[in-house]
$ cat upload09.cif   # mmCIF, C-alpha atoms
data_target
#
loop_
_atom_site.label_atom_id
_atom_site.label_comp_id
_atom_site.auth_asym_id
_atom_site.auth_seq_id
_atom_site.Cartn_x
_atom_site.Cartn_y
_atom_site.Cartn_z
CA PRO A 239 -10.43 18.48 -13.60
CA ILE A 240 -7.04 17.07 -14.41
CA ALA A 241 -5.39 19.80 -12.36
CA PHE A 242 -6.46 17.86 -9.26
CA ASN A 243 -4.68 14.69 -10.39
CA GLU A 244 -1.19 13.40 -9.75
CA PRO A 245 0.62 11.45 -12.52
CA LEU A 246 -0.02 7.99 -11.06
CA SER A 247 -2.83 5.49 -11.50
CA PHE A 248 -4.41 3.72 -8.54
CA THR A 249 -2.80 0.48 -9.77
CA GLN A 250 0.52 2.21 -9.09
CA ARG A 251 -0.58 3.76 -5.80
CA VAL A 252 -1.48 0.31 -4.48
CA VAL A 253 2.15 -0.78 -4.87
CA GLU A 254 3.25 2.02 -2.54
CA SER A 255 2.13 -0.24 0.30
CA LEU A 256 5.42 -2.12 -0.29
CA THR A 257 7.62 0.92 0.39
CA TYR A 258 8.83 -0.66 3.64
CA SER A 259 8.83 -4.27 2.46
CA PHE A 260 12.05 -4.89 4.37
CA LEU A 261 9.87 -5.18 7.48
CA LEU A 262 8.49 -8.39 5.99
CA ASP A 263 12.05 -9.58 5.39
CA ARG A 264 12.80 -8.99 9.08
CA ALA A 265 9.67 -10.83 10.12
CA SER A 266 10.68 -13.73 7.87
CA ARG A 267 14.11 -13.95 9.52
CA SER A 268 12.96 -13.81 13.14
CA ASP A 269 12.55 -17.02 15.16
CA ASP A 270 10.46 -15.16 17.74
CA GLU A 271 6.73 -15.34 16.91
CA MET A 272 6.05 -12.23 18.98
CA LEU A 273 8.67 -10.22 17.11
CA ARG A 274 7.26 -11.47 13.81
CA MET A 275 3.85 -10.10 14.75
CA GLN A 276 5.44 -6.79 15.74
CA TYR A 277 7.14 -6.42 12.37
CA VAL A 278 3.95 -7.38 10.54
CA ALA A 279 2.11 -4.70 12.57
CA ALA A 280 4.78 -2.15 11.68
CA PHE A 281 4.40 -3.06 8.00
CA ALA A 282 0.61 -2.67 8.21
CA VAL A 283 1.05 0.82 9.71
CA SER A 284 3.76 1.82 7.22
CA HIS A 285 1.27 1.14 4.42
CA TYR A 286 -0.21 4.59 5.10
CA ALA A 287 2.96 6.64 5.62
CA CYS A 288 3.24 7.76 1.98
CA ASP A 289 -0.17 9.47 2.18
CA VAL A 290 0.67 12.22 4.64
CA SER A 291 1.65 14.81 1.99
CA ARG A 292 -0.48 13.49 -0.87
CA THR A 293 -3.33 15.88 -1.59
CA SER A 294 -3.81 15.19 -5.32
CA LYS A 295 -6.09 12.52 -6.73
CA PHE A 296 -4.77 9.44 -8.48
CA PHE A 297 -6.06 8.49 -11.94
CA ASN A 298 -8.89 5.96 -11.89
CA PRO A 299 -7.62 2.73 -13.49
CA LEU A 300 -9.09 1.55 -16.76
CA LEU A 301 -10.64 -1.90 -16.81
CA GLY A 302 -7.90 -4.40 -17.61
CA GLU A 303 -5.12 -1.98 -16.72
CA THR A 304 -2.09 -3.61 -15.11
CA PHE A 305 1.06 -2.52 -13.36
CA GLU A 306 4.13 -4.50 -12.48
CA LEU A 307 7.15 -3.57 -10.43
CA VAL A 308 10.31 -5.64 -10.05
CA ARG A 309 12.65 -4.45 -7.31
CA GLU A 310 15.63 -6.79 -7.20
CA ASP A 311 17.26 -4.55 -4.59
CA LEU A 312 14.26 -5.06 -2.28
CA GLY A 313 13.75 -8.68 -3.29
CA PHE A 314 10.19 -8.64 -4.62
CA GLN A 315 8.07 -8.56 -7.76
CA VAL A 316 4.48 -7.36 -7.74
CA LEU A 317 1.56 -7.34 -10.18
CA CYS A 318 -1.66 -5.30 -10.03
CA GLU A 319 -4.70 -5.54 -12.30
CA GLN A 320 -7.97 -3.60 -12.44
CA VAL A 321 -10.31 -6.59 -12.37
CA SER A 322 -13.63 -4.74 -12.18
CA HIS A 323 -14.93 -1.31 -13.12
CA HIS A 324 -18.41 -1.38 -11.53
CA PRO A 325 -17.63 -1.68 -8.68
CA PRO A 326 -13.98 -0.59 -9.04
CA ILE A 327 -11.72 -3.36 -7.71
CA THR A 328 -7.94 -3.55 -7.92
CA ALA A 329 -6.13 -6.83 -7.21
CA MET A 330 -2.49 -7.08 -6.13
CA HIS A 331 -0.11 -10.05 -5.77
CA CYS A 332 3.48 -9.71 -4.55
CA GLU A 333 6.15 -12.38 -4.17
CA GLY A 334 9.26 -11.87 -2.07
CA LYS A 335 12.03 -14.32 -1.32
CA ASP A 336 10.45 -15.45 1.94
CA TYR A 337 6.89 -14.14 1.76
CA ILE A 338 3.80 -13.73 -0.42
CA ILE A 339 1.36 -10.89 0.12
CA HIS A 340 -1.84 -10.20 -1.79
CA PHE A 341 -5.13 -8.36 -1.53
CA SER A 342 -7.95 -6.84 -3.54
CA ILE A 343 -9.41 -3.45 -2.72
CA HIS A 344 -12.73 -1.80 -3.51
CA PRO A 345 -12.55 1.85 -2.37
CA LYS A 346 -16.04 3.17 -1.58
CA ILE A 347 -16.02 6.99 -1.69
CA ARG A 348 -18.41 9.28 0.15
CA PHE A 349 -18.49 13.06 -0.20
CA TRP A 350 -19.59 15.09 2.80
CA GLY A 351 -19.44 18.83 3.43
CA LYS A 352 -15.84 19.90 2.93
CA GLY A 353 -14.23 16.46 2.78
CA VAL A 354 -14.08 13.08 1.05
CA GLU A 355 -14.14 9.79 2.95
CA VAL A 356 -12.78 6.55 1.52
CA HIS A 357 -13.98 3.26 2.99
CA PRO A 358 -11.87 0.46 1.48
CA ILE A 359 -13.39 -3.01 1.26
CA GLY A 360 -10.73 -5.70 1.24
CA ARG A 361 -8.41 -7.80 3.34
CA VAL A 362 -4.65 -8.29 3.12
CA THR A 363 -3.21 -11.82 3.28
CA LEU A 364 0.45 -12.44 4.14
CA GLN A 365 2.29 -15.76 4.05
CA LEU A 366 5.66 -16.20 5.74
CA LYS A 367 7.07 -19.21 3.89
CA ARG A 368 9.75 -20.24 6.36
CA PHE A 369 7.28 -20.62 9.24
CA ASN A 370 4.24 -21.60 7.16
CA GLU A 371 2.39 -18.77 8.89
CA VAL A 372 -0.58 -16.86 7.53
CA TYR A 373 -1.57 -13.36 8.64
CA SER A 374 -4.50 -11.28 7.48
CA TRP A 375 -5.80 -7.81 8.27
CA ASN A 376 -8.41 -5.30 7.16
CA LEU A 377 -7.87 -1.87 5.60
CA ILE A 378 -8.87 1.28 7.48
CA ASN A 379 -10.81 4.39 6.49
CA SER A 380 -9.34 7.59 5.12
CA CYS A 381 -10.54 11.18 4.91
CA VAL A 382 -9.29 14.10 2.81
CA HIS A 383 -10.29 17.31 4.59
CA ASN A 384 -10.91 20.78 3.14
CA VAL A 385 -11.23 19.75 -0.51
CA ILE A 386 -13.29 22.90 -1.20
CA VAL A 387 -11.81 25.61 1.04
CA GLY A 388 -8.74 25.66 3.27
CA LYS A 389 -5.58 23.62 3.54
CA ILE A 390 -6.07 20.04 2.35
CA TRP A 391 -4.88 17.35 4.76
CA VAL A 392 -5.23 13.59 5.02
CA GLU A 393 -6.38 11.52 7.97
CA HIS A 394 -6.56 7.75 8.48
CA PHE A 395 -8.82 6.43 11.20
CA GLY A 396 -10.45 3.22 12.42
CA ASN A 397 -9.55 -0.16 13.86
CA LEU A 398 -7.13 -2.53 12.17
CA GLU A 399 -6.97 -6.12 13.38
CA ILE A 400 -4.17 -8.48 12.37
CA ARG A 401 -4.81 -12.19 12.82
CA ASN A 402 -2.17 -14.88 12.85
CA HIS A 403 -4.15 -17.84 11.54
CA SER A 404 -1.44 -20.25 12.65
CA ASN A 405 -1.22 -19.55 16.40
CA SER A 406 -4.25 -17.32 17.21
CA LEU A 407 -2.16 -14.25 18.09
CA ARG A 408 -3.97 -11.00 17.35
CA CYS A 409 -2.81 -7.43 17.02
CA CYS A 410 -5.48 -4.76 17.51
CA LEU A 411 -4.49 -1.27 16.31
CA THR A 412 -6.50 1.94 16.55
CA PHE A 413 -5.77 4.79 14.15
CA LYS A 414 -7.14 7.74 16.10
CA SER A 415 -9.13 10.60 14.67
CA CYS A 416 -7.49 13.98 14.96
CA GLY A 417 -10.12 15.46 17.27
CA TRP A 418 -11.04 19.10 17.76
CA PHE A 419 -7.65 20.30 19.01
CA GLY A 420 -5.38 17.94 17.06
CA ARG A 421 -4.19 16.09 20.13
CA ASP A 422 -4.37 12.67 18.46
CA LEU A 423 -3.24 13.77 15.00
CA HIS A 424 -1.77 10.71 13.21
CA ALA A 425 -1.73 8.70 16.46
CA VAL A 426 -1.76 4.88 16.42
CA GLU A 427 -2.07 2.70 19.52
CA GLY A 428 -2.62 -0.99 19.97
CA THR A 429 -1.86 -4.28 21.65
CA ILE A 430 -0.77 -7.79 20.74
CA GLN A 431 -3.05 -10.30 22.42
CA SER A 432 -3.09 -14.03 23.04
CA ALA A 433 -6.03 -16.25 22.11
CA SER A 434 -7.44 -15.57 25.61
CA LYS A 435 -7.17 -11.79 24.96
CA GLU A 436 -4.28 -11.32 27.38
CA THR A 437 -2.19 -8.28 26.43
CA LEU A 438 1.35 -9.44 25.63
CA TRP A 439 2.84 -6.30 24.04
CA CYS A 440 1.77 -2.70 23.51
CA LEU A 441 2.32 -0.64 20.36
CA SER A 442 2.33 3.13 19.93
CA GLY A 443 3.36 5.66 17.33
CA LYS A 444 2.23 7.83 14.43
CA TRP A 445 1.39 6.39 11.05
CA PRO A 446 3.49 8.88 9.01
CA GLU A 447 6.51 8.56 11.31
CA GLU A 448 7.19 5.46 13.40
CA LEU A 449 5.95 2.61 15.56
CA ILE A 450 7.38 1.38 18.88
CA ALA A 451 6.69 -1.72 20.97
CA TYR A 452 6.93 -2.12 24.73
CA PRO A 453 5.78 -4.64 27.37
CA PRO A 454 2.50 -3.95 29.18
CA ALA A 455 4.33 -3.41 32.48
CA HIS A 456 5.99 -0.34 30.96
CA SER A 457 2.93 0.99 29.14
CA ASP A 458 2.52 4.11 31.31
CA ALA A 459 6.16 5.14 31.01
CA ALA A 460 6.40 4.35 27.31
CA ALA A 461 3.15 6.06 26.44
CA GLY A 462 4.29 9.19 28.25
CA ALA A 463 7.73 9.31 26.70
CA SER A 464 8.32 11.31 23.55
CA SER A 465 9.58 9.37 20.58
CA SER A 466 12.59 11.67 20.32
CA SER A 467 13.75 10.64 23.79
CA LEU A 468 13.71 6.99 22.69
CA HIS A 469 16.05 7.75 19.79
CA SER A 470 18.32 10.33 21.33
CA THR A 471 20.94 7.90 22.57
CA ALA A 472 21.65 6.25 19.23
CA SER A 473 22.43 7.49 15.78
CA ASP A 474 19.89 6.81 13.06
CA ASP A 475 22.62 5.66 10.65
CA ASN A 476 20.12 5.04 7.86
CA TYR A 477 18.27 2.70 10.20
CA LEU A 478 15.35 2.30 7.82
CA GLN A 479 17.09 2.63 4.48
CA PRO A 480 15.10 0.23 2.22
CA GLY A 481 16.99 -2.52 0.46
CA SER A 482 20.04 -2.70 2.69
CA VAL A 483 21.07 -3.97 6.11
CA PRO A 484 20.73 -0.98 8.45
CA LYS A 485 24.08 0.15 9.83
CA GLY A 486 22.64 0.97 13.23
CA ILE A 487 20.51 -2.11 13.77
CA LEU A 488 22.82 -3.76 16.29
CA ARG A 489 23.06 -0.61 18.37
CA ARG A 490 19.29 -0.25 18.27
CA GLN A 491 18.81 -3.80 19.49
CA ASN A 492 21.15 -3.06 22.40
CA LEU A 493 19.20 0.10 23.09
CA SER A 494 16.01 -1.95 23.21
CA GLU A 495 17.48 -4.31 25.78
CA THR A 496 18.68 -1.55 28.05
CA SER A 497 15.73 0.86 27.89
CA GLY A 498 12.85 -1.03 29.44
CA SER A 499 12.61 -3.37 26.44
CA THR A 500 11.20 -0.55 24.32
CA ARG A 501 11.81 -1.41 20.68
CA LEU A 502 11.66 0.92 17.70
CA LEU A 503 10.09 -1.25 15.01
CA TRP A 504 9.93 1.22 12.15
CA ARG A 505 10.68 4.81 11.29
CA ALA A 506 9.68 6.47 8.02
CA ASP A 507 12.33 7.70 5.60
CA PRO A 508 12.78 11.46 5.32
CA MET A 509 10.81 13.05 2.52
CA PRO A 510 12.80 14.10 -0.56
CA PRO A 511 13.80 17.76 -0.89
CA ASN A 512 11.06 19.91 -2.45
CA HIS A 513 8.65 16.97 -2.31
CA GLN A 514 5.67 19.32 -2.12
CA GLU A 515 6.52 20.51 -5.64
CA TYR A 516 6.24 16.91 -6.83
CA TYR A 517 2.80 16.00 -5.52
CA GLY A 518 4.17 15.12 -2.07
CA MET A 519 5.63 11.85 -3.36
CA THR A 520 8.22 9.73 -1.59
CA ARG A 521 11.42 8.47 -3.22
CA PHE A 522 9.76 5.10 -3.71
CA SER A 523 6.85 6.76 -5.52
CA TYR A 524 9.14 8.69 -7.86
CA CYS A 525 10.15 5.51 -9.71
CA LEU A 526 6.68 4.07 -10.29
CA ASN A 527 5.98 5.70 -13.65
CA GLU A 528 9.53 5.38 -14.97
CA LEU A 529 9.63 3.54 -18.29
CA LYS A 530 13.12 2.25 -19.01
CA SER A 531 14.20 1.36 -22.53
CA GLU A 532 14.73 -2.30 -21.63
CA GLN A 533 11.16 -2.51 -20.31
CA ARG A 534 9.49 -1.53 -23.58
CA ASN A 535 9.92 -5.00 -25.06
CA VAL A 536 8.78 -6.96 -22.00
CA LEU A 537 5.87 -5.06 -20.43
CA PRO A 538 2.34 -5.98 -21.50
CA PRO A 539 0.50 -3.28 -23.48
CA THR A 540 -1.89 -2.78 -20.54
CA ASP A 541 0.81 -1.56 -18.15
CA ALA A 542 -0.03 1.81 -16.54
CA ARG A 543 3.30 3.26 -17.68
CA TYR A 544 1.86 3.34 -21.21
CA ARG A 545 -1.16 5.48 -20.26
CA PRO A 546 -0.80 8.59 -22.42
CA ASP A 547 -2.84 10.89 -20.16
CA ILE A 548 -0.65 10.15 -17.13
CA ARG A 549 2.53 10.54 -19.17
CA LEU A 550 1.37 13.89 -20.56
CA LEU A 551 0.49 15.18 -17.09
CA GLU A 552 3.92 14.11 -15.85
CA GLU A 553 5.42 16.18 -18.68
CA GLY A 554 3.33 19.19 -17.68
CA LYS A 555 1.10 19.13 -20.78
CA PHE A 556 -2.17 19.70 -18.96
CA ASP A 557 -4.44 20.38 -21.95
CA ASP A 558 -3.17 17.37 -23.88
CA ALA A 559 -3.49 15.20 -20.78
CA LYS A 560 -7.10 16.32 -20.31
CA ASP A 561 -7.93 15.46 -23.94
CA GLU A 562 -6.29 12.04 -23.67
CA LYS A 563 -8.07 11.29 -20.41
CA HIS A 564 -11.40 12.05 -22.06
CA ARG A 565 -10.51 9.90 -25.09
CA LEU A 566 -9.59 6.91 -22.92
CA GLU A 567 -12.78 7.20 -20.88
CA GLU A 568 -14.90 7.32 -24.03
CA LYS A 569 -13.04 4.33 -25.45
CA GLN A 570 -13.73 2.40 -22.25
CA ARG A 571 -17.45 3.29 -22.38
CA ALA A 572 -17.66 2.17 -26.03
CA ALA A 573 -15.97 -1.16 -25.20
CA ARG A 574 -18.40 -1.75 -22.34
CA LYS A 575 -21.37 -1.00 -24.61
CA LEU A 576 -20.15 -3.54 -27.17
CA ARG A 577 -19.83 -6.19 -24.43
CA GLU A 578 -23.36 -5.46 -23.27
CA GLN A 579 -24.72 -5.76 -26.79
CA SER A 580 -23.00 -9.11 -27.31
CA LYS A 581 -23.81 -10.22 -23.73
CA GLU A 582 -20.13 -10.83 -23.13
CA GLN A 583 -18.79 -10.86 -19.57
CA TRP A 584 -15.46 -9.21 -18.83
CA GLN A 585 -12.80 -11.71 -17.74
CA PRO A 586 -9.69 -10.43 -15.91
CA ARG A 587 -6.48 -11.80 -17.38
CA TRP A 588 -4.36 -12.53 -14.32
CA PHE A 589 -6.77 -12.87 -11.38
CA ARG A 590 -9.97 -14.78 -10.62
CA GLU A 591 -12.53 -14.34 -7.86
CA ASP A 592 -12.48 -17.33 -5.54
CA ILE A 593 -12.33 -18.44 -1.92
CA ASN A 594 -8.91 -17.84 -0.40
CA PRO A 595 -7.98 -21.27 1.03
CA LEU A 596 -5.75 -19.62 3.65
CA THR A 597 -8.45 -17.44 5.21
CA ASP A 598 -11.76 -18.72 3.76
CA ASN A 599 -12.51 -15.19 2.51
CA LYS A 600 -13.78 -14.51 -1.00
CA GLU A 601 -11.33 -12.37 -2.93
CA TRP A 602 -9.42 -12.00 -6.18
CA LEU A 603 -6.55 -14.50 -6.42
CA TYR A 604 -3.58 -14.55 -8.80
CA VAL A 605 -3.89 -17.33 -11.42
CA GLY A 606 -0.19 -17.37 -12.37
CA ASP A 607 1.70 -17.31 -15.67
CA TYR A 608 2.21 -13.53 -15.82
CA TRP A 609 5.97 -13.61 -15.32
CA SER A 610 6.52 -16.15 -18.10
CA ARG A 611 6.15 -13.19 -20.52
CA GLN A 612 4.49 -15.45 -23.10
CA ASN A 613 0.80 -14.53 -23.17
CA TYR A 614 0.71 -10.77 -23.62
CA THR A 615 -0.68 -10.98 -27.17
CA VAL A 616 -4.15 -11.67 -25.76
CA CYS A 617 -4.16 -8.52 -23.63
CA PRO A 618 -6.98 -6.08 -24.41
CA ASP A 619 -6.44 -2.82 -26.29
CA ILE A 620 -7.33 -0.25 -23.63
CA TYR A 621 -5.10 2.70 -24.56
#
$ encode --input "upload09.cif" --output "structure tokens"
Amino acid sequence: PIAFNEPLSFTQRVVESLTYSFLLDRASRSDDEMLRMQYVAAFAVSHYACDVSRTSKFFNPLLGETFELVREDLGFQVLCEQVSHHPPITAMHCEGKDYIIHFSIHPKIRFWGKGVEVHPIGRVTLQLKRFNEVYSWNLINSCVHNVIVGKIWVEHFGNLEIRNHSNSLRCCLTFKSCGWFGRDLHAVEGTIQSASKETLWCLSGKWPEELIAYPPAHSDAAAGASSSSLHSTASDDNYLQPGSVPKGILRRQNLSETSGSTRLLWRADPMPPNHQEYYGMTRFSYCLNELKSEQRNVLPPTDARYRPDIRLLEEGKFDDAKDEKHRLEEKQRAARKLREQSKEQWQPRWFREDINPLTDNKEWLYVGDYWSRQNYTVCPDIY
């Protein structure tokens, strides 16, 4: 039922992983390879922060659906495309000033009892241009609890391993399951290791809130300290305000040097007022379905902002949104039937499946030419 949906497609939800893209900017500016790995780890954890209050289902993308986002204030442009419907696969390619990040994701869903588990198949690849470094990491599992009865809540769990393919550094993170008494709710712990598996740094935090780093010698003290005690001696001063140089960053670096080398890598932004009335979205998420007048002449006709069912749901027209959703699904089925009759294979417009030369993994890679704005006339009619 459409009442369980939020007015965003999965092609848009994928872009939420870039909410804290400034962490990649910091990694790109650092001359310390250990600090670069720490910021990459913080970015990998921050990927999941926007999910903590999200209990509604996204719209399944239509085959050939795209979504672009250009954030000049954050210094990146990103493109997503639904490249396959059976199985459902979404590909993403983002270019920043000093980095490139891309991945394709196939979310495998399993229903059990009172919950829904999502097992994403895919691997993220990050290039830091200045250092010619390549990182890659897997995606972890998710579970939505109490979808039938009770209060719905989201949990991420599993092991996430980040590899630096240039110097053999590894970061091993564990997203802990909540457990019976909620002791490990949202907890993340991990280590940065050398090629010989020597622990060089420890990481600890909560995926909706923050991540800290500390040397192994201080692991007992840091693990036992509350995060509030680490922050109490310095003002936040918009420390993690996306798109700008944090006012308090210098003071926080001094704090790191004088408090057992404990470093706050990332802290999540406060949620907007009344966010629960707006599907639990973050400020970053609010802008994803905005269609500005100047965009109407440049976006391809497959962009998710043009989906009528999502737009109608956003406007609160539930019955009309339900009818449009059904119409689009039937149109997609009819198009697939015609391709089967003519023995025609679907060809994605902006991505191709190939071996990633940076990691030797098979995935969907961006073929280029999207941002030239010249080839949108060959886009399929999906809406």
$ closest_residue --input "upload09.cif" --among "A:Val354, A:Asn512, A:Tyr544, A:Ala282" --to "Leu411 in chain A" --atoms "all atoms listed in the file"
A:Ala282
$ residues_near_point --input "upload09.cif" --point "(4.8, 21.2, 3.5)" --cutoff "12 Å" --atoms "all atoms listed in the file" --output "list of chain:residue names"
A:Val290, A:Ser291, A:Arg292, A:Thr293, A:Lys389, A:Ile390, A:Trp391, A:Met509, A:Pro510, A:Pro511, A:Asn512, A:His513, A:Gln514, A:Glu515, A:Tyr516, A:Tyr517, A:Gly518, A:Met519
$ closest_residue --input "upload09.cif" --among "A:Asn405, A:Gln250, A:Ser415, A:Thr257" --to "Ala329 in chain A" --atoms "only C-alpha atoms"
A:Gln250
$ residues_around --input "upload09.cif" --residues "range 606-610 of chain A" --least-positions-apart "2" --cutoff "10 Å" --atoms "all atoms listed in the file" --output "list in words"
Glu306, Gln315, Val316, Leu317, His331, Val536, Leu537, Pro538, Arg587, Trp588, Phe589, Leu603, Tyr604, Gln612, Asn613 and Tyr614 of chain A
$ atom_distance --input "upload09.cif" --atom1 "CA of Tyr277 in chain A" --atom2 "CA of Cys416 in chain A"
25.2 Å
$ closest_residue --input "upload09.cif" --among "A:Arg309, A:Arg264, A:Arg408, A:His564" --to "Leu438 in chain A" --atoms "all atoms listed in the file"
A:Arg408
$ axis_aligned_box --input "upload09.cif" --around "range 317-321 of chain A" --padding-each-side "4 Å" --output "AutoDock Vina command-line options"
--center_x -4.4 --center_y -5.5 --center_z -11.2 --size_x 19.9 --size_y 11.7 --size_z 10.4
$ resolve_selection --input "upload09.cif" --expression "the PyMOL selection byres ((chain A and resi 444) around 7)" --output "PDB file with C-alpha atoms, keeping the file's coordinate frame"
ATOM      1  CA  HIS A 424      -1.770  10.710  13.210  1.00  0.00           C
ATOM      2  CA  ALA A 425      -1.730   8.700  16.460  1.00  0.00           C
ATOM      3  CA  VAL A 426      -1.760   4.880  16.420  1.00  0.00           C
ATOM      4  CA  GLY A 443       3.360   5.660  17.330  1.00  0.00           C
ATOM      5  CA  TRP A 445       1.390   6.390  11.050  1.00  0.00           C
ATOM      6  CA  PRO A 446       3.490   8.880   9.010  1.00  0.00           C
ATOM      7  CA  GLU A 447       6.510   8.560  11.310  1.00  0.00           C
ATOM      8  CA  GLU A 448       7.190   5.460  13.400  1.00  0.00           C
ATOM      9  CA  LEU A 449       5.950   2.610  15.560  1.00  0.00           C
TER      10      LEU A 449
END
$ resolve_selection --input "upload09.cif" --expression "the PyMOL selection byres ((chain A and resi 566) around 9)" --output "list in words"
Leu300, Arg545, Pro546, Asp547, Asp561, Glu562, Lys563, His564, Arg565, Glu567, Glu568, Lys569, Gln570, Arg571, Ile620 and Tyr621 of chain A
$ closest_residue --input "upload09.cif" --among "A:Tyr373, A:Phe296, A:Trp350, A:Phe522" --to "Tyr258 in chain A" --atoms "only C-alpha atoms"
A:Phe522
$ atom_distance --input "upload09.cif" --atom1 "CA of Asn298 in chain A" --atom2 "CA of Ala542 in chain A"
10.8 Å
$ closest_residue --input "upload09.cif" --among "A:Phe314, A:Arg543, A:Glu271, A:Ala451" --to "Asn370 in chain A" --atoms "all atoms listed in the file"
A:Glu271
$ residues_around --input "upload09.cif" --residues "Lys295 in chain A" --least-positions-apart "6" --cutoff "8 Å" --atoms "all atoms listed in the file" --output "MDAnalysis selection string"
chainID A and resid 242:244
$ atom_distance --input "upload09.cif" --atom1 "CA of Asp558 in chain A" --atom2 "CA of Pro539 in chain A"
21.0 Å
$ decode --input "upload09.cif" --residues "range 438-449 of chain A" --atoms "N, CA, C and O atoms" --output "mmCIF file, in the first residue's frame"
data_model
loop_
_atom_site.group_PDB
_atom_site.id
_atom_site.type_symbol
_atom_site.label_atom_id
_atom_site.label_comp_id
_atom_site.auth_asym_id
_atom_site.auth_seq_id
_atom_site.Cartn_x
_atom_site.Cartn_y
_atom_site.Cartn_z
ATOM 1 N N LEU A 438 46.730 -0.478 14.539
ATOM 2 C CA LEU A 438 47.378 0.833 14.558
ATOM 3 C C LEU A 438 46.503 1.891 15.220
ATOM 4 O O LEU A 438 47.008 2.787 15.886
ATOM 5 N N TRP A 439 45.185 1.822 14.991
ATOM 6 C CA TRP A 439 44.231 2.737 15.599
ATOM 7 C C TRP A 439 42.953 1.963 15.900
ATOM 8 O O TRP A 439 42.639 0.968 15.232
ATOM 9 N N CYS A 440 42.213 2.455 16.887
ATOM 10 C CA CYS A 440 40.909 1.893 17.233
ATOM 11 C C CYS A 440 39.823 2.913 16.928
ATOM 12 O O CYS A 440 40.057 4.132 17.015
ATOM 13 N N LEU A 441 38.648 2.423 16.573
ATOM 14 C CA LEU A 441 37.507 3.268 16.246
ATOM 15 C C LEU A 441 36.311 2.816 17.065
ATOM 16 O O LEU A 441 36.127 1.621 17.312
ATOM 17 N N SER A 442 35.487 3.770 17.471
ATOM 18 C CA SER A 442 34.311 3.448 18.269
ATOM 19 C C SER A 442 33.270 4.541 18.091
ATOM 20 O O SER A 442 33.605 5.710 17.864
ATOM 21 N N GLY A 443 32.005 4.152 18.183
ATOM 22 C CA GLY A 443 30.951 5.151 18.073
ATOM 23 C C GLY A 443 29.596 4.514 17.874
ATOM 24 O O GLY A 443 29.385 3.331 18.179
ATOM 25 N N LYS A 444 28.665 5.311 17.355
ATOM 26 C CA LYS A 444 27.318 4.846 17.020
ATOM 27 C C LYS A 444 26.975 5.372 15.632
ATOM 28 O O LYS A 444 27.169 6.566 15.348
ATOM 29 N N TRP A 445 26.454 4.484 14.789
ATOM 30 C CA TRP A 445 26.273 4.880 13.395
ATOM 31 C C TRP A 445 25.282 6.023 13.176
ATOM 32 O O TRP A 445 25.411 6.751 12.180
ATOM 33 N N PRO A 446 24.287 6.284 14.050
ATOM 34 C CA PRO A 446 23.461 7.475 13.807
ATOM 35 C C PRO A 446 24.052 8.747 14.410
ATOM 36 O O PRO A 446 23.468 9.819 14.231
ATOM 37 N N GLU A 447 25.172 8.654 15.120
ATOM 38 C CA GLU A 447 25.613 9.789 15.930
ATOM 39 C C GLU A 447 27.032 10.267 15.642
ATOM 40 O O GLU A 447 27.234 11.439 15.310
ATOM 41 N N GLU A 448 28.030 9.383 15.764
ATOM 42 C CA GLU A 448 29.411 9.867 15.710
ATOM 43 C C GLU A 448 30.384 8.706 15.617
ATOM 44 O O GLU A 448 30.019 7.546 15.821
ATOM 45 N N LEU A 449 31.645 9.047 15.319
ATOM 46 C CA LEU A 449 32.718 8.064 15.331
ATOM 47 C C LEU A 449 33.971 8.736 15.863
ATOM 48 O O LEU A 449 34.307 9.859 15.461
#
